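Below is one structure, written out as structure tokens; comments come after it.
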Amino acid sequence: MPAPQTIESVQQLTVAWRALVLDRDPSADVRDLPGIAVRWADCRFTFLNCITLTEPGTGAALLGQRLNEAADIMRARKHPGFLWLFEDLLDHEARSALGTAAEDAGLQYAFPGTGMAGDLLPLPEPDHPDLTFVRVSTDDHLQAYADLNARAYGLALEEARDGLEGSALWKDGMYAYLAMRGDVPVTCAATTEAEGRLFVSFVATAPQWQRRGYGEAVTRKALYEGHRATGLMRATLHATEAGAPVYPRIGFQPNSPIRFYTLATG
């Protein structure tokens, strides 16, 4: 059976993404089905269209069934998104069968990720000689935040803006920060409360400003302010490959590998 940290990681995704998706569209699909959690805003920002498998100890036969069910749900949507598959939910046989099962379901592997968590709060107040920090509180801030995510993940600006623009949650219910180099936003990070933890999300640094410690600094700021406001001691996140080396320096420990899938094309 998977470690408790893996179960926690899956649950943190389903809780945090439910709030994000319903903020984007109160009528969005946030169903909890047998073995599958749907968190699908059906907007142009791909990361807000999410589906994940939820059953611990999934075997090969059940894996094939769930992947087919998930792919059918994805095909019925207007906009593409990702299936997040936490590898540690699968038994040994299912892991061995994963590549074939995904292909048979019409899914293609997109990129890797890693669940992480840690009892790491409070942190010292962050500081970086190049940066000042601004909390997201206006529509202009929110657009800058969306644009940083678009540039970092190779999306069109309009796609990321479609996920965040007009949000009340991002301006009032989250601890979302821009890091500014002069008057230029260069990186961003957000935390939000999710079942007694601070959940870190949408950390992004503009490509020309990467590898300078900026992403780590703004993540520390979002954690610091989130802890000050909530008193929470534990934090969780889901790291991309680029971010995975950064977060252990803050105190996060890896748990389950994550495989992101999209619908196969062609």
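Simple scheme: letters A, B, ... for chains in structure tokens order, numbers from 1 for residues in each chain, numbers from 1 for ligands in the order shown.
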Counting only C-alpha atoms, what is within 9 Å of A:Gly251, bar same-chain residues fewer than 3 positions away, as a PyMOL selection string?
chain A and resi 117-121+247-248
Neighbours of stretch 131-136 of chain A within 7 Å (only C-alpha atoms; same-chain residues fewer than 6 positions away dropped), as a ChimeraX atom specification?
/A:142,171,176-181
If you keep N, CA, C and O atoms, can you produce a file of those selected residues as a compact mmCIF listing (two decimals), in the first residue's frame?
```
# COMPACT_ATOMS: atom_id res chain seq x y z
N LEU A 142 -2.94 40.18 -11.13
CA LEU A 142 -3.39 38.85 -11.53
C LEU A 142 -3.00 38.55 -12.97
O LEU A 142 -2.59 37.42 -13.29
N LYS A 171 -7.21 36.94 -5.39
CA LYS A 171 -6.91 38.25 -4.79
C LYS A 171 -7.23 38.31 -3.31
O LYS A 171 -6.63 39.12 -2.59
N ALA A 176 -0.93 34.90 -2.70
CA ALA A 176 -0.28 34.87 -4.01
C ALA A 176 0.63 36.09 -4.12
O ALA A 176 0.19 37.22 -3.88
N TYR A 177 1.87 35.86 -4.54
CA TYR A 177 2.86 36.93 -4.56
C TYR A 177 3.60 36.99 -5.89
O TYR A 177 3.92 35.97 -6.50
N LEU A 178 3.85 38.21 -6.32
CA LEU A 178 4.77 38.51 -7.40
C LEU A 178 6.09 38.96 -6.79
O LEU A 178 6.11 39.68 -5.78
N ALA A 179 7.18 38.54 -7.39
CA ALA A 179 8.49 39.09 -7.05
C ALA A 179 8.91 40.03 -8.17
O ALA A 179 8.89 39.65 -9.35
N MET A 180 9.25 41.23 -7.79
CA MET A 180 9.55 42.28 -8.75
C MET A 180 11.04 42.58 -8.76
O MET A 180 11.67 42.73 -7.70
N ARG A 181 11.60 42.68 -9.95
CA ARG A 181 12.95 43.20 -10.12
C ARG A 181 12.78 44.60 -10.70
O ARG A 181 12.47 44.76 -11.88
```
Near A:Asp172, counting only C-alpha atoms, which residues have an atom at most 12 Å away, once you skip same-chain residues fewer than 6 positions from it, shown as a VMD selection string?
chain A and resid 23 135 to 139 142 166 190 to 192
Check stretch 61-170 of chain A with DSSP on the backbone and list each residue it calls strand (DSSP E), as a list in words.
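After running DSSP on the backbone, stretch 61-170 of chain A has strand (DSSP E) at Phe82, Leu83, Trp84, Leu85, Phe86, Leu107, Gln108, Tyr109, Ala110, Phe111, Pro112, Gly113, Thr114, Gly115, Met116, Ala117, Gly118, Thr132, Phe133, Val134 and Arg135 of chain A.
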